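data-v8.txt follows (compact mmCIF, C-alpha atoms):
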# COMPACT_ATOMS: atom_id res chain seq x y z
CA MET A 1 0.00 0.00 0.00
CA LYS A 2 1.07 3.55 -0.64
CA VAL A 3 -0.03 6.69 1.17
CA ARG A 4 0.65 10.23 0.03
CA VAL A 5 0.95 12.99 2.64
CA LEU A 6 0.95 16.61 1.55
CA VAL A 7 2.40 19.15 3.99
CA SER A 8 1.99 22.87 3.35
CA PHE A 9 2.08 26.14 5.25
CA LYS A 10 -1.04 27.28 7.06
CA GLU A 11 -2.88 30.15 5.36
CA SER A 12 -1.87 32.49 8.19
CA VAL A 13 1.85 31.86 7.60
CA LEU A 14 3.76 33.77 4.96
CA ASP A 15 5.41 31.47 2.41
CA PRO A 16 8.39 33.39 0.95
CA GLN A 17 9.37 30.49 -1.34
CA GLY A 18 5.85 30.29 -2.78
CA GLN A 19 5.95 34.06 -3.30
CA ALA A 20 9.25 33.77 -5.19
CA VAL A 21 7.78 31.08 -7.46
CA LYS A 22 4.67 33.20 -8.04
CA ASN A 23 6.80 36.21 -8.97
CA ALA A 24 8.84 34.09 -11.39
CA LEU A 25 5.66 32.84 -13.08
CA LEU A 26 4.30 36.38 -13.35
CA THR A 27 7.60 37.50 -14.89
CA LEU A 28 7.20 34.75 -17.50
CA GLY A 29 3.87 36.26 -18.48
CA TYR A 30 1.46 33.90 -16.73
CA ASP A 31 -0.47 36.91 -15.50
CA PHE A 32 -3.52 34.88 -14.45
CA ILE A 33 -1.58 33.36 -11.51
CA LYS A 34 -3.05 34.63 -8.27
CA ASP A 35 -1.03 32.82 -5.62
CA VAL A 36 1.44 29.96 -5.14
CA ARG A 37 1.96 28.00 -1.96
CA GLN A 38 4.90 25.60 -1.76
CA GLY A 39 4.75 22.37 0.21
CA LYS A 40 6.24 18.92 0.62
CA VAL A 41 5.03 15.53 -0.56
CA PHE A 42 5.78 12.25 1.20
CA GLU A 43 5.01 8.93 -0.46
CA ILE A 44 5.00 6.24 2.19
CA GLU A 45 4.90 2.55 1.45
CA ILE A 46 3.27 0.51 4.18
CA ASP A 47 2.25 -3.05 4.94
CA HIS A 48 -1.38 -3.90 4.41
CA ILE A 49 -3.06 -2.74 7.59
CA SER A 50 -6.71 -2.10 8.40
CA GLN A 51 -8.44 1.11 7.32
CA LYS A 52 -9.02 1.89 10.97
CA LYS A 53 -5.32 1.63 11.72
CA ILE A 54 -4.42 3.82 8.71
CA ASP A 55 -6.95 6.46 9.80
CA GLN A 56 -5.24 6.54 13.16
CA VAL A 57 -1.58 6.22 12.33
CA ILE A 58 -1.15 8.42 9.24
CA PRO A 59 -2.50 11.60 10.92
CA GLU A 60 -0.40 10.67 13.95
CA ILE A 61 2.93 10.56 12.10
CA SER A 62 1.95 13.55 9.96
CA HIS A 63 1.32 15.58 13.10
CA LYS A 64 4.26 14.29 15.11
CA VAL A 65 7.00 14.09 12.51
CA LEU A 66 6.19 15.10 8.93
CA SER A 67 4.78 18.55 9.74
CA ASN A 68 5.41 21.23 12.31
CA PRO A 69 1.84 21.94 13.48
CA ILE A 70 2.78 25.49 14.51
CA ILE A 71 3.32 26.56 10.91
CA GLU A 72 2.13 23.69 8.72
CA LYS A 73 -0.99 21.68 7.92
CA PHE A 74 -1.30 18.31 6.20
CA ASP A 75 -3.59 16.30 4.01
CA TRP A 76 -3.31 12.64 3.07
CA GLU A 77 -4.74 9.99 0.74
CA ILE A 78 -4.20 6.34 -0.14
CA ILE A 79 -2.79 6.22 -3.67
CA GLU A 80 -2.18 2.51 -4.18
CA MET B 6 31.14 24.73 36.04
CA ARG B 7 30.50 21.70 33.88
CA PHE B 8 29.34 22.41 30.32
CA GLY B 9 28.02 19.57 28.13
CA ILE B 10 28.00 20.28 24.40
CA VAL B 11 25.72 17.98 22.43
CA VAL B 12 27.09 16.56 19.17
CA PHE B 13 24.67 15.49 16.43
CA PRO B 14 25.68 14.23 13.01
CA GLY B 15 26.07 17.54 11.16
CA SER B 16 26.91 19.75 14.15
CA ASN B 17 29.72 22.08 13.10
CA CYS B 18 30.05 24.64 15.89
CA ASP B 19 30.67 22.03 18.59
CA TYR B 20 34.46 22.42 18.57
CA ASP B 21 34.27 26.25 18.54
CA THR B 22 31.95 26.18 21.55
CA LEU B 23 34.18 23.71 23.40
CA TYR B 24 37.25 25.84 22.60
CA VAL B 25 35.69 29.04 23.97
CA LEU B 26 34.40 27.41 27.14
CA LYS B 27 37.48 25.30 27.84
CA ASP B 28 40.45 27.32 26.56
CA VAL B 29 39.20 30.91 26.67
CA LEU B 30 36.92 30.79 29.74
CA LYS B 31 38.68 27.89 31.54
CA GLN B 32 35.54 25.88 32.28
CA GLU B 33 35.22 22.12 32.52
CA SER B 34 33.64 21.26 29.18
CA PHE B 35 32.98 18.10 27.24
CA PHE B 36 31.02 16.65 24.33
CA LEU B 37 27.83 14.62 24.76
CA TRP B 38 27.10 12.20 21.93
CA HIS B 39 23.45 12.43 20.87
CA LYS B 40 22.99 8.65 20.97
CA ASP B 41 23.97 8.33 24.63
CA HIS B 42 21.63 8.63 27.57
CA ASP B 43 24.05 10.39 29.93
CA LEU B 44 24.38 14.13 30.62
CA LYS B 45 27.59 13.46 32.61
CA ARG B 46 26.49 15.67 35.50
CA ALA B 47 26.61 18.81 33.34
CA ASP B 48 25.41 22.07 34.95
CA CYS B 49 24.61 23.56 31.56
CA ILE B 50 23.72 21.87 28.27
CA ILE B 51 24.57 23.59 24.99
CA LEU B 52 23.04 22.57 21.66
CA PRO B 53 25.55 24.01 19.19
CA GLY B 54 25.06 25.33 15.67
CA GLY B 55 25.37 23.34 12.49
CA PHE B 56 23.13 21.32 10.24
CA SER B 57 22.01 18.38 12.33
CA TYR B 58 20.91 15.58 9.98
CA GLY B 59 21.57 17.88 7.03
CA ASP B 60 18.51 19.98 7.94
CA TYR B 61 16.45 17.19 6.32
CA LEU B 62 12.66 17.45 6.76
CA ARG B 63 12.96 20.78 8.67
CA SER B 64 15.87 22.39 10.51
CA GLY B 65 16.21 20.62 13.84
CA ALA B 66 13.30 18.28 13.17
CA ILE B 67 15.19 14.97 13.22
CA ALA B 68 17.68 15.87 15.97
CA ARG B 69 14.68 16.25 18.22
CA PHE B 70 14.22 12.47 18.17
CA SER B 71 17.83 11.68 19.20
CA PRO B 72 18.04 9.46 22.31
CA LEU B 73 19.79 12.11 24.44
CA MET B 74 16.96 14.61 23.83
CA GLN B 75 14.76 12.76 26.30
CA GLU B 76 17.29 13.43 29.10
CA ILE B 77 17.72 17.03 27.95
CA LYS B 78 13.98 17.59 28.04
CA GLU B 79 13.74 16.24 31.58
CA PHE B 80 16.81 18.30 32.61
CA ALA B 81 15.20 21.47 31.20
CA LEU B 82 11.78 20.78 32.72
CA SER B 83 13.38 20.35 36.14
CA GLY B 84 15.04 23.78 35.84
CA GLY B 85 18.40 22.86 34.26
CA ILE B 86 20.17 25.50 32.17
CA VAL B 87 19.94 24.79 28.43
CA VAL B 88 21.14 26.96 25.54
CA GLY B 89 20.45 26.37 21.88
CA ILE B 90 22.58 28.31 19.43
CA CYS B 91 21.35 28.67 15.83
CA ASN B 92 20.53 25.07 14.81
CA GLY B 93 20.33 24.36 18.55
CA PHE B 94 17.60 27.04 18.79
CA GLN B 95 15.74 25.32 15.95
CA VAL B 96 16.01 21.97 17.79
CA LEU B 97 14.60 23.52 20.99
CA LEU B 98 11.63 24.89 19.01
CA GLU B 99 10.95 21.51 17.37
CA LEU B 100 11.26 19.85 20.78
CA GLY B 101 8.70 22.26 22.22
CA LEU B 102 10.96 23.59 24.98
CA LEU B 103 10.58 27.03 23.40
CA PRO B 104 7.42 28.37 21.72
CA GLY B 105 7.17 29.05 17.99
CA ALA B 106 8.92 27.92 14.82
CA MET B 107 11.46 29.14 12.27
CA LEU B 108 10.57 30.08 8.71
CA ARG B 109 13.00 30.68 5.85
CA ASN B 110 14.68 34.13 5.99
CA LYS B 111 12.46 36.82 4.46
CA ASN B 112 14.89 37.46 1.56
CA LEU B 113 15.36 33.71 0.93
CA LYS B 114 19.11 34.05 1.40
CA PHE B 115 21.50 32.23 3.67
CA LEU B 116 22.75 35.07 5.88
CA CYS B 117 26.32 34.94 7.15
CA GLN B 118 27.25 38.32 8.62
CA TYR B 119 27.75 40.31 11.80
CA VAL B 120 24.51 41.65 13.29
CA HIS B 121 23.69 43.91 16.21
CA VAL B 122 21.40 42.58 18.90
CA ARG B 123 19.99 44.46 21.88
CA ILE B 124 19.68 42.94 25.34
CA GLU B 125 15.98 43.13 26.25
CA ASN B 126 16.08 41.42 29.62
CA THR B 127 19.03 41.10 32.03
CA GLU B 128 17.14 39.05 34.60
CA THR B 129 18.06 35.75 32.99
CA PRO B 130 20.88 33.24 33.57
CA PHE B 131 22.16 34.21 30.10
CA THR B 132 22.32 38.00 30.18
CA ASN B 133 22.89 38.98 33.84
CA LYS B 134 26.41 40.26 33.03
CA GLY B 135 25.02 42.64 30.39
CA LYS B 136 23.15 45.91 30.66
CA LEU B 137 19.56 46.51 29.62
CA GLY B 138 19.61 47.96 26.09
CA GLN B 139 23.25 47.03 25.56
CA VAL B 140 24.06 46.36 21.90
CA LEU B 141 26.11 43.23 21.14
CA THR B 142 27.90 42.58 17.86
CA ILE B 143 27.72 38.86 17.10
CA PRO B 144 27.66 36.99 13.78
CA ILE B 145 24.74 34.98 12.41
CA ALA B 146 24.89 32.16 9.83
CA HIS B 147 21.52 30.66 8.95
CA PHE B 148 18.84 30.05 6.34
CA ASP B 149 15.89 29.51 8.66
CA GLY B 150 15.95 32.21 11.33
CA ASN B 151 12.72 34.05 10.60
CA TYR B 152 10.97 33.55 13.95
CA TYR B 153 7.23 32.91 13.87
CA THR B 154 4.59 32.23 16.48
CA ASP B 155 0.84 32.78 16.64
CA GLN B 156 -0.62 35.95 18.14
CA ASN B 157 -1.67 34.26 21.39
CA ASN B 158 1.82 32.96 22.08
CA LEU B 159 3.38 36.24 21.04
CA LYS B 160 1.27 38.02 23.63
CA LYS B 161 2.38 35.55 26.31
CA ILE B 162 6.05 35.83 25.29
CA LYS B 163 5.88 39.62 25.61
CA GLN B 164 3.97 39.55 28.89
CA ASN B 165 6.51 37.19 30.47
CA HIS B 166 9.50 39.19 29.13
CA GLN B 167 10.81 36.12 27.30
CA ILE B 168 12.34 38.14 24.47
CA THR B 169 16.01 38.30 25.43
CA LEU B 170 17.72 39.63 22.28
CA ARG B 171 16.37 41.73 19.41
CA TYR B 172 18.00 42.54 16.06
CA CYS B 173 18.77 46.27 16.05
CA ASN B 174 20.85 49.04 14.46
CA PRO B 175 24.36 49.79 15.82
CA ASP B 176 22.85 52.52 18.03
CA GLY B 177 20.27 50.14 19.49
CA SER B 178 17.26 51.48 17.58
CA LEU B 179 14.93 49.03 15.83
CA SER B 180 14.16 49.09 12.11
CA GLU B 181 12.85 46.86 9.34
CA LYS B 182 16.33 46.86 7.76
CA ALA B 183 18.08 45.76 10.97
CA ASN B 184 15.66 42.85 11.25
CA VAL B 185 17.71 40.92 8.71
CA ASN B 186 15.73 37.68 8.59
CA GLY B 187 12.22 39.08 9.12
CA SER B 188 11.64 37.68 12.62
CA MET B 189 8.47 38.60 14.47
CA GLU B 190 9.17 41.35 17.01
CA GLN B 191 12.80 41.31 15.77
CA ILE B 192 13.39 38.26 17.98
CA ALA B 193 17.02 37.05 17.92
CA GLY B 194 16.98 35.34 21.32
CA LEU B 195 14.15 33.94 23.41
CA THR B 196 13.77 32.15 26.75
CA ASN B 197 11.05 29.86 28.01
CA GLU B 198 8.64 31.11 30.65
CA LYS B 199 10.82 29.89 33.54
CA ARG B 200 13.86 31.50 31.88
CA ASN B 201 16.14 28.48 32.25
CA VAL B 202 16.14 27.69 28.51
CA LEU B 203 17.51 30.11 25.90
CA GLY B 204 17.49 29.90 22.13
CA MET B 205 19.49 32.40 20.11
CA MET B 206 20.33 32.66 16.40
CA PRO B 207 23.59 34.68 16.71
CA HIS B 208 26.74 32.66 17.48
CA PRO B 209 28.34 33.83 20.76
CA GLU B 210 31.13 31.26 20.34
CA ARG B 211 32.22 33.08 17.17
CA ALA B 212 32.49 36.39 19.05
CA SER B 213 34.45 35.51 22.16
CA GLU B 214 37.97 36.70 21.33
CA SER B 215 39.01 40.24 20.35
CA LEU B 216 41.38 38.72 17.79
CA LEU B 217 38.31 37.44 15.94
CA GLY B 218 36.58 40.83 15.87
CA SER B 219 34.27 40.81 18.89
CA CYS B 220 34.22 39.67 22.50
CA ASP B 221 30.51 40.35 22.97
CA GLY B 222 29.57 36.67 22.90
CA GLN B 223 31.45 36.19 26.16
CA ILE B 224 28.66 38.08 27.95
CA ILE B 225 26.33 35.13 27.34
CA PHE B 226 28.80 32.51 28.63
CA LYS B 227 30.02 34.65 31.56
CA SER B 228 26.43 35.28 32.62
CA ILE B 229 25.79 31.53 32.74
CA ILE B 230 28.98 30.97 34.78
CA ASN B 231 27.97 33.81 37.11
CA TYR B 232 24.46 32.39 37.51
CA LEU B 233 25.68 28.87 38.26
CA LYS B 234 28.34 30.00 40.75

Let me see the structure of the file written as structure tokens.
Amino acid sequence: MKVRVLVSFKESVLDPQGQAVKNALLTLGYDFIKDVRQGKVFEIEIDHISQKKIDQVIPEISHKVLSNPIIEKFDWEIIE
Amino acid sequence: MRFGIVVFPGSNCDYDTLYVLKDVLKQESFFLWHKDHDLKRADCIILPGGFSYGDYLRSGAIARFSPLMQEIKEFALSGGIVVGICNGFQVLLELGLLPGAMLRNKNLKFLCQYVHVRIENTETPFTNKGKLGQVLTIPIAHFDGNYYTDQNNLKKIKQNHQITLRYCNPDGSLSEKANVNGSMEQIAGLTNEKRNVLGMMPHPERASESLLGSCDGQIIFKSIINYLK
């Protein structure tokens, strides 16, 4: 099984790297771009475990390790 | 006094810190390997600068899970003196011993330069040999030093006088330009509520001999020695 976790900055936190990417895109003429937020993707391969266990353990490791809850939020999905 | 300097894979200011404490300030000082479970009866623990675990995941994020961190957390919670310098500050934030987090510098550049910082509170184990408002010249070298915390915590930090050092101009005044990395409230150094844990981005161990341009960093170490006496 494979799980994908997406970590990104909370809306309230300024993302200077996202801003730099946005400015680069605007410079290239993509003037319809309104905002860019940069984040991190983790693809985690796991043994087959129950849905209940996944629902418990993936948010747990995302909160404890993969993100810093002070500045970041996360989202996750099973991809395989 | 006994100073324990924690060594992680990727620490690179450990020898400088040991040199200043041992050879310049004549204190009993030694390294503590991050995989051990022994603080060797240290009176003060220093988490030195560097790039622990290559800054993978987030600065300081992996070092936080090193075996020795459990002992350091207990030591700090029971009132022990702990200092995190630069990457050490980032580890203390990840560990939750200090409030907040570090974002990338506002100009997205790695900053390696002398800065001026103002002492905001002298009633701490780390600044008691300084004067209120005194300006120190100490170098910084970091990518992620843009201090951030939510408004609730910021209010608490200010109420409890936890801000210890602020980025300032040479004359001690504050300005947007002097706040080189964009930190909230120009925070360069911060204690916990009990004031036994300090995190600071400037490197006092790089400013402890006049031959190297500044002795101002000695104020931090001499304050700790004075407090522990």

Counting all atoms listed in the file, which residues from chain B have an atom at most 9 Å from any atom of chain A, and could you show them as a list in words? Leu62, Arg63, Ala66, Ile67, Glu99, Gly105, Ala106, Met107, Leu108, Arg109, Asn110, Lys111, Asn112, Leu113, Tyr153, Thr154 and Asp155 of chain B

For Val41 in chain A, find every residue with an atom within 10 Å (counting all atoms listed in the file), except residues of its own chain fewer than 5 positions away, and show them as a ChimeraX atom specification. /A:4-8,66,74-76

Which one of B:Lys182, B:Arg211, B:Lys40, B:Lys199 sits closest to Cys18 in chain B if you count only C-alpha atoms? B:Arg211

For Glu210 in chain B, list every protein, DNA or RNA residue within 9 Å, evaluated using only C-alpha atoms, and leave out those in the same chain fewer than 6 positions away; present the list as a VMD selection string. chain B and resid 18 21 to 26 143 222 to 223 226

Counting all atoms listed in the file, which residues sit no farther than 8 Å from the position (3.5, 0.4, 0.7) in the file's frame? I'd like them as number ranges by chain. A: 1-3, 44-48, 80

For Gly54 in chain B, please output as a short mmCIF file (atom, residue, chain, number, x, y, z; two decimals) with C-alpha atoms, in the frame of the given file all residues within 6 Å (counting all atoms listed in the file; exclusion window: fewer than 6 positions along the same chain).
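File produced: result.cif:
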data_model
loop_
_atom_site.label_atom_id
_atom_site.label_comp_id
_atom_site.auth_asym_id
_atom_site.auth_seq_id
_atom_site.Cartn_x
_atom_site.Cartn_y
_atom_site.Cartn_z
CA CYS B 18 30.05 24.64 15.89
CA ILE B 90 22.58 28.31 19.43
CA CYS B 91 21.35 28.67 15.83
CA ASN B 92 20.53 25.07 14.81
CA GLY B 93 20.33 24.36 18.55
#

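CA of Val11 in chain B to CA of Gly150 in chain B spans 20.5 Å [interatomic distance, one decimal].
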
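As for CA of Asn197 in chain B and CA of Gly101 in chain B, they are spaced 9.8 Å apart.
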
For Met189 in chain B: contacts at 9 Å, only C-alpha atoms, fewer than 3 positions along chain excluded, given as a list in words: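 These residues fall inside the cut-off: Asn151, Tyr152, Tyr153, Thr154, Leu159, Asn184 and Ile192 of chain B.
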
Around (22.6, 35.5, 18.0), as given in the file, which residues come within 8 Å? Count all atoms listed in the file and list them as a PDB file with C-alpha atoms, in the frame of the given file.
ATOM      1  CA  ILE B  90      22.580  28.310  19.430  1.00  0.00           C
ATOM      2  CA  CYS B  91      21.350  28.670  15.830  1.00  0.00           C
ATOM      3  CA  VAL B 120      24.510  41.650  13.290  1.00  0.00           C
ATOM      4  CA  VAL B 122      21.400  42.580  18.900  1.00  0.00           C
ATOM      5  CA  ILE B 143      27.720  38.860  17.100  1.00  0.00           C
ATOM      6  CA  PRO B 144      27.660  36.990  13.780  1.00  0.00           C
ATOM      7  CA  ILE B 145      24.740  34.980  12.410  1.00  0.00           C
ATOM      8  CA  LEU B 170      17.720  39.630  22.280  1.00  0.00           C
ATOM      9  CA  ALA B 193      17.020  37.050  17.920  1.00  0.00           C
ATOM     10  CA  GLY B 194      16.980  35.340  21.320  1.00  0.00           C
ATOM     11  CA  MET B 205      19.490  32.400  20.110  1.00  0.00           C
ATOM     12  CA  MET B 206      20.330  32.660  16.400  1.00  0.00           C
ATOM     13  CA  PRO B 207      23.590  34.680  16.710  1.00  0.00           C
ATOM     14  CA  HIS B 208      26.740  32.660  17.480  1.00  0.00           C
ATOM     15  CA  PRO B 209      28.340  33.830  20.760  1.00  0.00           C
TER      16      PRO B 209
END

So that I can check the surroundings of range 124-127 of chain B, please list as a VMD selection string every protein, DNA and RNA residue that reaches within 7 Å of it, counting only C-alpha atoms and ignoring chain neighbours fewer than 5 positions away. chain B and resid 132 to 133 135 to 140 166 168 to 171

Limited to C-alpha atoms, could you put the picked residues into a file as a compact mmCIF listing (two decimals), in the coordinates of the input?
# COMPACT_ATOMS: atom_id res chain seq x y z
CA THR B 132 22.32 38.00 30.18
CA ASN B 133 22.89 38.98 33.84
CA GLY B 135 25.02 42.64 30.39
CA LYS B 136 23.15 45.91 30.66
CA LEU B 137 19.56 46.51 29.62
CA GLY B 138 19.61 47.96 26.09
CA GLN B 139 23.25 47.03 25.56
CA VAL B 140 24.06 46.36 21.90
CA HIS B 166 9.50 39.19 29.13
CA ILE B 168 12.34 38.14 24.47
CA THR B 169 16.01 38.30 25.43
CA LEU B 170 17.72 39.63 22.28
CA ARG B 171 16.37 41.73 19.41

Can you work out the spacing between CA of Gln95 in chain B and CA of Leu44 in chain B in Å, to one decimal?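 It comes out at 20.4 Å.
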
Which one is closest to Ile225 in chain B: B:Tyr20, B:Thr142, B:Val185, B:Lys134? Count all atoms listed in the file.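 Of B:Tyr20, B:Thr142, B:Val185, B:Lys134, the one nearest Ile225 in chain B, counting all atoms listed in the file, is B:Lys134.
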
Best match for closeness to Leu116 in chain B among B:His147, B:Lys78, B:Arg46, B:Arg200, counting only C-alpha atoms: B:His147
